[in-house]
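Trainee: my_file_1.pdb is the file, holding PDB, C-alpha atoms:
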```
ATOM      1  CA  MET A 283      41.142  81.778 116.315
ATOM      2  CA  VAL A 284      43.908  82.931 118.671
ATOM      3  CA  SER A 285      47.241  81.323 117.901
ATOM      4  CA  ARG A 286      49.469  80.168 120.699
ATOM      5  CA  PRO A 287      52.878  81.903 120.884
ATOM      6  CA  SER A 288      55.540  79.798 119.262
ATOM      7  CA  ALA A 289      57.875  77.909 121.549
ATOM      8  CA  LYS A 290      61.204  79.562 122.259
ATOM      9  CA  PRO A 291      64.434  77.637 121.676
ATOM     10  CA  VAL A 292      64.940  75.427 124.718
ATOM     11  CA  SER A 293      68.354  74.656 126.147
ATOM     12  CA  ARG A 294      69.838  74.175 129.587
ATOM     13  CA  GLU A 295      71.161  77.749 129.436
ATOM     14  CA  ALA A 296      67.725  79.132 128.527
ATOM     15  CA  ILE A 297      66.104  77.248 131.402
ATOM     16  CA  VAL A 298      68.656  78.507 133.925
ATOM     17  CA  SER A 299      68.453  82.089 132.644
ATOM     18  CA  THR A 300      64.673  81.989 132.921
ATOM     19  CA  ALA A 301      64.935  80.696 136.481
ATOM     20  CA  VAL A 302      67.221  83.612 137.365
ATOM     21  CA  GLU A 303      64.742  86.051 135.786
ATOM     22  CA  LEU A 304      61.970  84.650 137.968
ATOM     23  CA  MET A 305      64.145  84.951 141.069
ATOM     24  CA  VAL A 306      64.937  88.577 140.325
ATOM     25  CA  GLU A 307      61.278  89.404 139.706
ATOM     26  CA  ARG A 308      59.474  87.369 142.353
ATOM     27  CA  GLY A 309      61.916  85.462 144.538
ATOM     28  CA  LEU A 310      62.895  81.834 144.921
ATOM     29  CA  ALA A 311      59.358  80.640 145.616
ATOM     30  CA  ALA A 312      58.400  81.637 142.068
ATOM     31  CA  VAL A 313      61.041  79.387 140.506
ATOM     32  CA  THR A 314      59.094  76.309 139.440
ATOM     33  CA  LEU A 315      59.471  74.124 136.392
ATOM     34  CA  ARG A 316      55.881  74.929 135.448
ATOM     35  CA  ARG A 317      56.518  78.689 135.393
ATOM     36  CA  ILE A 318      59.775  78.242 133.507
ATOM     37  CA  ALA A 319      57.975  76.127 130.917
ATOM     38  CA  GLU A 320      55.299  78.812 130.566
ATOM     39  CA  ARG A 321      57.949  81.465 129.937
ATOM     40  CA  LEU A 322      59.545  79.294 127.268
ATOM     41  CA  ASN A 323      56.156  78.348 125.782
ATOM     42  CA  VAL A 324      56.770  74.618 126.131
ATOM     43  CA  SER A 325      55.304  71.851 128.266
ATOM     44  CA  ALA A 326      56.900  71.208 131.653
ATOM     45  CA  PRO A 327      57.975  67.614 130.800
ATOM     46  CA  THR A 328      60.090  69.030 127.966
ATOM     47  CA  LEU A 329      62.427  70.586 130.533
ATOM     48  CA  TYR A 330      63.437  67.173 131.850
ATOM     49  CA  TRP A 331      65.382  66.560 128.658
ATOM     50  CA  TYR A 332      67.779  69.235 129.935
ATOM     51  CA  ILE A 333      67.386  69.389 133.732
ATOM     52  CA  ALA A 334      66.966  66.205 135.760
ATOM     53  CA  SER A 335      65.402  67.766 138.860
ATOM     54  CA  LYS A 336      64.616  70.980 140.705
ATOM     55  CA  ARG A 337      67.757  70.447 142.769
ATOM     56  CA  GLU A 338      69.953  70.282 139.676
ATOM     57  CA  LEU A 339      68.266  73.425 138.408
ATOM     58  CA  LEU A 340      69.138  75.326 141.591
ATOM     59  CA  ASP A 341      72.732  74.076 141.469
ATOM     60  CA  ARG A 342      73.011  75.453 137.957
ATOM     61  CA  VAL A 343      71.372  78.716 139.006
ATOM     62  CA  ALA A 344      74.071  79.053 141.670
ATOM     63  CA  GLU A 345      76.713  78.391 139.016
ATOM     64  CA  HIS A 346      75.154  81.017 136.747
ATOM     65  CA  LEU A 347      75.134  83.620 139.514
ATOM     66  CA  MET A 348      78.789  83.086 140.410
ATOM     67  CA  ARG A 349      80.336  82.349 137.020
ATOM     68  CA  ARG A 350      78.242  83.637 134.164
ATOM     69  CA  GLY A 351      76.667  86.869 135.390
ATOM     70  CA  GLN A 352      78.022  90.385 134.966
ATOM     71  CA  VAL A 353      80.147  89.972 138.104
ATOM     72  CA  LYS A 354      82.266  86.804 138.119
ATOM     73  CA  VAL A 355      84.114  85.103 140.956
ATOM     74  CA  VAL A 356      87.743  84.576 139.938
ATOM     75  CA  ASP A 357      89.613  81.386 140.816
ATOM     76  CA  ARG A 358      93.182  82.673 141.008
ATOM     77  CA  PRO A 359      95.038  85.877 141.840
ATOM     78  CA  VAL A 360      96.125  88.228 139.110
ATOM     79  CA  ARG A 361      99.869  88.337 138.499
ATOM     80  CA  GLY A 362     101.682  89.652 141.557
ATOM     81  CA  GLN A 363      98.572  89.741 143.769
ATOM     82  CA  PRO A 364      99.084  88.240 147.262
ATOM     83  CA  TRP A 365      96.868  85.244 147.963
ATOM     84  CA  TRP A 366      95.169  86.926 150.934
ATOM     85  CA  GLU A 367      94.193  89.978 148.859
ATOM     86  CA  TRP A 368      92.769  87.640 146.237
ATOM     87  CA  LEU A 369      90.753  85.803 148.910
ATOM     88  CA  GLU A 370      89.374  89.101 150.218
ATOM     89  CA  GLN A 371      88.498  90.340 146.723
ATOM     90  CA  ARG A 372      86.908  86.992 145.844
ATOM     91  CA  SER A 373      84.814  87.100 149.022
ATOM     92  CA  ARG A 374      83.617  90.637 148.314
ATOM     93  CA  THR A 375      82.616  89.630 144.804
ATOM     94  CA  MET A 376      80.609  86.673 146.110
ATOM     95  CA  PHE A 377      78.870  88.928 148.619
ATOM     96  CA  GLU A 378      78.085  91.504 145.935
ATOM     97  CA  VAL A 379      76.535  88.822 143.742
ATOM     98  CA  MET A 380      74.460  87.346 146.559
ATOM     99  CA  VAL A 381      72.964  90.603 147.793
ATOM    100  CA  SER A 382      72.199  91.803 144.262
ATOM    101  CA  VAL A 383      69.763  88.990 143.401
ATOM    102  CA  ARG A 384      66.704  88.267 145.493
ATOM    103  CA  ASP A 385      67.009  85.012 147.498
ATOM    104  CA  ALA A 386      70.420  84.226 146.014
ATOM    105  CA  PRO A 387      71.877  83.358 149.461
ATOM    106  CA  GLN A 388      69.393  80.484 149.870
ATOM    107  CA  VAL A 389      70.305  79.068 146.467
ATOM    108  CA  VAL A 390      74.072  79.396 146.808
ATOM    109  CA  ALA A 391      74.121  78.074 150.393
ATOM    110  CA  GLY A 392      72.498  74.790 149.447
ATOM    111  CA  ASN A 393      74.212  74.153 146.151
ATOM    112  CA  ARG A 394      76.710  71.538 145.037
ATOM    113  CA  PRO A 395      79.206  72.326 142.270
ATOM    114  CA  THR A 396      78.283  71.174 138.812
ATOM    115  CA  LEU A 397      80.834  69.164 136.869
ATOM    116  CA  ASP A 398      81.611  72.307 134.893
ATOM    117  CA  MET A 399      82.705  74.083 138.102
ATOM    118  CA  LEU A 400      85.137  71.478 139.433
ATOM    119  CA  ALA A 401      88.106  72.722 137.399
ATOM    120  CA  GLY A 402      87.689  76.241 138.816
ATOM    121  CA  TYR A 403      87.384  74.972 142.369
ATOM    122  CA  ASP A 404      90.473  72.803 141.938
ATOM    123  CA  LEU A 405      92.394  75.790 140.584
ATOM    124  CA  ALA A 406      91.391  77.928 143.582
ATOM    125  CA  LEU A 407      92.375  75.190 146.027
ATOM    126  CA  GLY A 408      95.685  74.838 144.232
ATOM    127  CA  GLU A 409      96.477  78.497 144.878
ATOM    128  CA  LEU A 410      96.205  78.011 148.635
ATOM    129  CA  VAL A 411      98.068  74.695 148.523
ATOM    130  CA  ALA A 412     100.889  76.414 146.637
ATOM    131  CA  ALA A 413     100.912  79.088 149.347
ATOM    132  CA  GLY A 414     101.480  76.446 152.016
ATOM    133  CA  PHE A 415      98.076  75.183 153.152
ATOM    134  CA  PRO A 416      97.468  71.421 153.218
ATOM    135  CA  PRO A 417      94.656  70.515 150.770
ATOM    136  CA  ARG A 418      92.147  69.808 153.535
ATOM    137  CA  GLU A 419      92.832  73.125 155.282
ATOM    138  CA  ALA A 420      92.650  74.973 151.970
ATOM    139  CA  GLN A 421      89.177  73.524 151.463
ATOM    140  CA  GLN A 422      88.189  74.509 155.002
ATOM    141  CA  VAL A 423      89.244  78.092 154.282
ATOM    142  CA  PHE A 424      86.776  78.250 151.395
ATOM    143  CA  PHE A 425      84.042  76.544 153.437
ATOM    144  CA  VAL A 426      84.430  79.032 156.290
ATOM    145  CA  LEU A 427      84.494  82.071 154.018
ATOM    146  CA  GLY A 428      81.516  80.777 152.043
ATOM    147  CA  ALA A 429      79.472  80.239 155.193
ATOM    148  CA  TYR A 430      80.285  83.742 156.448
ATOM    149  CA  ILE A 431      79.464  85.380 153.127
ATOM    150  CA  GLY A 432      76.202  83.471 152.740
ATOM    151  CA  GLY A 433      75.111  84.189 156.294
ATOM    152  CA  MET A 434      75.828  87.896 156.002
ATOM    153  CA  ALA A 435      74.073  88.109 152.637
ATOM    154  CA  LEU A 436      71.040  86.319 154.078
ATOM    155  CA  GLU A 437      70.951  88.714 157.027
ATOM    156  CA  TRP A 438      71.287  91.690 154.653
ATOM    157  CA  GLN A 439      68.333  90.596 152.536
ATOM    158  CA  ALA A 440      66.217  89.619 155.541
ATOM    159  CA  GLU A 441      66.767  93.052 157.064
ATOM    160  CA  ALA A 442      65.760  94.708 153.804
ATOM    161  CA  ALA A 443      62.631  92.540 153.614
ATOM    162  CA  ARG A 444      61.735  93.567 157.160
ATOM    163  CA  GLY A 445      61.853  97.193 156.131
ATOM    164  CA  GLU A 446      59.804  96.544 153.009
ATOM    165  CA  ALA A 447      57.171  94.801 155.136
ATOM    166  CA  GLY A 448      56.755  97.998 157.153
ATOM    167  CA  ALA A 449      58.016  96.640 160.480
ATOM    168  CA  ASP A 450      57.934  99.349 163.144
ATOM    169  CA  ASP A 451      61.021  99.027 165.354
ATOM    170  CA  SER A 452      60.949 102.583 166.664
ATOM    171  CA  ALA A 453      60.047 101.627 170.249
ATOM    172  CA  LEU A 454      62.797  99.022 170.378
ATOM    173  CA  LEU A 455      65.365 101.441 168.971
ATOM    174  CA  ALA A 456      64.328 104.177 171.407
ATOM    175  CA  ALA A 457      64.681 101.803 174.355
ATOM    176  CA  ALA A 458      68.114 100.623 173.180
ATOM    177  CA  GLN A 459      69.291 104.249 173.168
ATOM    178  CA  ASP A 460      68.275 104.783 176.794
ATOM    179  CA  SER A 461      71.717 105.108 178.405
ATOM    180  CA  ALA A 462      70.278 105.034 181.929
ATOM    181  CA  ARG A 463      68.831 101.551 181.454
ATOM    182  CA  TYR A 464      71.168 100.090 178.823
ATOM    183  CA  PRO A 465      74.481 101.993 178.902
ATOM    184  CA  HIS A 466      76.394  99.573 176.669
ATOM    185  CA  LEU A 467      73.648  99.305 174.059
ATOM    186  CA  ALA A 468      73.281 103.076 173.997
ATOM    187  CA  ALA A 469      77.019 103.566 173.528
ATOM    188  CA  ALA A 470      77.041 101.046 170.669
ATOM    189  CA  ALA A 471      73.981 102.646 169.055
ATOM    190  CA  ALA A 472      75.676 106.038 169.115
ATOM    191  CA  ASP A 473      78.450 104.624 166.938
ATOM    192  CA  TRP A 474      76.189 102.572 164.637
ATOM    193  CA  SER A 475      77.772 101.118 161.513
ATOM    194  CA  PRO A 476      75.969 100.422 158.219
ATOM    195  CA  PRO A 477      75.626  96.757 157.107
ATOM    196  CA  GLN A 478      78.461  97.004 154.577
ATOM    197  CA  ALA A 479      80.839  98.119 157.328
ATOM    198  CA  THR A 480      79.800  95.134 159.447
ATOM    199  CA  PHE A 481      80.561  92.772 156.573
ATOM    200  CA  ASP A 482      83.932  94.448 155.984
ATOM    201  CA  TYR A 483      84.802  94.181 159.678
ATOM    202  CA  GLY A 484      84.010  90.472 159.859
ATOM    203  CA  LEU A 485      85.809  89.680 156.611
ATOM    204  CA  ALA A 486      88.916  91.517 157.786
ATOM    205  CA  LEU A 487      88.933  89.437 160.981
ATOM    206  CA  LEU A 488      88.610  86.209 159.013
ATOM    207  CA  ILE A 489      91.385  87.114 156.574
ATOM    208  CA  ARG A 490      93.630  88.066 159.494
ATOM    209  CA  GLY A 491      92.955  84.735 161.168
ATOM    210  CA  ILE A 492      93.644  82.818 157.940
ATOM    211  CA  ARG A 493      96.931  84.677 157.498
ATOM    212  CA  ASP A 494      97.892  83.898 161.094
ATOM    213  CA  ARG A 495      97.162  80.214 160.491
ATOM    214  CA  HIS A 496      99.247  80.345 157.312
ATOM    215  CA  ALA A 497     102.143  81.807 159.299
ATOM    216  CA  GLU A 498     101.844  78.930 161.768
ATOM    217  CA  LEU A 499     101.830  76.346 158.992
ATOM    218  CA  THR A 500     104.742  77.774 157.066
ATOM    219  CA  GLY A 501     106.700  78.359 160.270
ATOM    220  CA  GLU A 502     106.125  74.760 161.345
ATOM    221  CA  ALA A 503     107.274  73.535 157.923
ATOM    222  CA  ALA A 504     110.412  75.666 158.110
ATOM    223  CA  ARG A 505     111.254  74.419 161.602
ATOM    224  CA  ALA A 506     110.714  70.823 160.523
ATOM    225  CA  GLY A 507     113.099  71.354 157.595
ATOM    226  CA  GLU A 508     115.744  72.845 159.866
ATOM    227  CA  GLU A 509     115.442  69.892 162.246
ATOM    228  CA  ARG A 510     115.951  67.442 159.375
ATOM    229  CA  LEU A 511     119.084  69.278 158.272
ATOM    230  CA  CYS A 512     120.494  69.152 161.803
ATOM    231  CA  ARG A 513     120.148  65.391 162.069
TER     232      ARG A 513
END
```
When written as structure tokens, how does the structure in this file appear?
Mentor:
Amino acid sequence: MVSRPSAKPVSREAIVSTAVELMVERGLAAVTLRRIAERLNVSAPTLYWYIASKRELLDRVAEHLMRRGQVKVVDRPVRGQPWWEWLEQRSRTMFEVMVSVRDAPQVVAGNRPTLDMLAGYDLALGELVAAGFPPREAQQVFFVLGAYIGGMALEWQAEAARGEAGADDSALLAAAQDSARYPHLAAAAADWSPPQATFDYGLALLIRGIRDRHAELTGEAARAGEERLCR
């Protein structure tokens, strides 16, 4: 008689960790409650004692990727660090996390913060508010950066998947380098930049724009204060 492997200890953390393992190995499509239950040697209904739905599971996977993995997103600058350098570093960390785990951009893009994450988000918002951003604009800064990071990470992984699928783009690339027919494309292709450089370029533009907006806000506040003193 063949004995069935004993059930592993089940907890919310074990379920989320198993989901991340499946993502790394086989992608998001492989993350099902049935497969997680099989890995933990329990029945699928048992998981509902810890996770209410597939959507909650993915929200917690996103939390795990950003907060509990080897690379963690920090919610405030280190002592003496300017807020814009912290934002840039935080964005790079998020991008690094997303491109390092298969299908992570899809999970992070659609997630909502768990209750455990609200304190960290509030702390991060507070840093920008203290720097001079109104709360709503501070939140918009994070929304815009998050959308850029997620989109670039998705493009990065999609491009890699295209290569793994054996797509032959040689004819297209050869045509784009034909300076007689496409002079601007050919000039751009001659100075081609790797994907990381493209991400860096876009992030630098965003940070510059955010700093310019901050200068407008703080300048407007200073002018308003001067006007009040003159009255």
Trainee: Padding 3 Å on each side, edges along x, y and z: where is the centre of the box around the listed atoms of range 472-486 of chain A, and how long are its edges in Å to one decimal? Output it as AutoDock Vina command-line options.
Mentor:
```
--center_x 82.3 --center_y 97.9 --center_z 161.8 --size_x 19.3 --size_y 22.4 --size_z 20.5
```
Trainee: When the PyMOL selection byres ((chain A and resi 419-427) around 12) is applied to the file above, which residues end up in the set, as a VMD selection string?
Mentor: chain A and resid 357 365 to 366 369 to 374 376 to 377 391 403 to 418 428 to 434 481 484 to 489 491 to 493 495 to 496 499
Trainee: When you look at range 452-454 of chain A with a cut-off of 12 Å (counting all atoms listed in the file), what residues show up, excluding the ones that are within fewer than 3 positions of it in the same chain? I need them as a list in words.
Mentor: Gly445, Gly448, Ala449, Ala457, Ala458, Gln459, Asp460, Tyr464, Leu467, Ala468 and Ala471 of chain A
Trainee: Name all residues at most 12 Å from Val306 in chain A (count only C-alpha atoms; drop same-chain ones fewer than 5 positions away) and give them as a PDB file with C-alpha atoms, in the coordinates of the input.
Mentor:
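Written out: part-v4.pdb:
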```pdb
ATOM      1  CA  SER A 299      68.453  82.089 132.644  1.00  0.00           C
ATOM      2  CA  THR A 300      64.673  81.989 132.921  1.00  0.00           C
ATOM      3  CA  ALA A 301      64.935  80.696 136.481  1.00  0.00           C
ATOM      4  CA  ALA A 311      59.358  80.640 145.616  1.00  0.00           C
ATOM      5  CA  ALA A 312      58.400  81.637 142.068  1.00  0.00           C
ATOM      6  CA  VAL A 313      61.041  79.387 140.506  1.00  0.00           C
ATOM      7  CA  VAL A 343      71.372  78.716 139.006  1.00  0.00           C
ATOM      8  CA  LEU A 347      75.134  83.620 139.514  1.00  0.00           C
ATOM      9  CA  MET A 380      74.460  87.346 146.559  1.00  0.00           C
ATOM     10  CA  VAL A 381      72.964  90.603 147.793  1.00  0.00           C
ATOM     11  CA  SER A 382      72.199  91.803 144.262  1.00  0.00           C
ATOM     12  CA  VAL A 383      69.763  88.990 143.401  1.00  0.00           C
ATOM     13  CA  ARG A 384      66.704  88.267 145.493  1.00  0.00           C
ATOM     14  CA  ASP A 385      67.009  85.012 147.498  1.00  0.00           C
ATOM     15  CA  ALA A 386      70.420  84.226 146.014  1.00  0.00           C
TER      16      ALA A 386
END
```
Trainee: Please compute the CA of Met399 in chain A-CA of Thr328 in chain A distance, one decimal, in Å.
Mentor: 25.3 Å
Trainee: Can you measure CA of Glu295 in chain A to CA of Arg358 in chain A for me? One decimal in Å is fine.
Mentor: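 Pair CA of Glu295 in chain A / CA of Arg358 in chain A returns 25.4 Å.
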Trainee: Using CA of Asp451 in chain A and CA of Val379 in chain A as the two end points, give the distance in Å to one decimal.
Mentor: 28.5 Å
Trainee: Please evaluate the PyMOL selection byres ((chain A and resi 297) around 12) against the displayed coordinates and give the resulting residues as a ChimeraX atom specification.
Mentor: /A:290-296,298-304,313-324,326,328-334,336,338-340,342-343,346
Trainee: Considering all atoms listed in the file, state which residue in the set A:Thr500, A:Asp494, A:Arg337, A:Glu345 is at the smallest distance from Leu397 in chain A.
Mentor: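 Between A:Thr500, A:Asp494, A:Arg337, A:Glu345, the residue approaching Leu397 in chain A most closely is A:Glu345.
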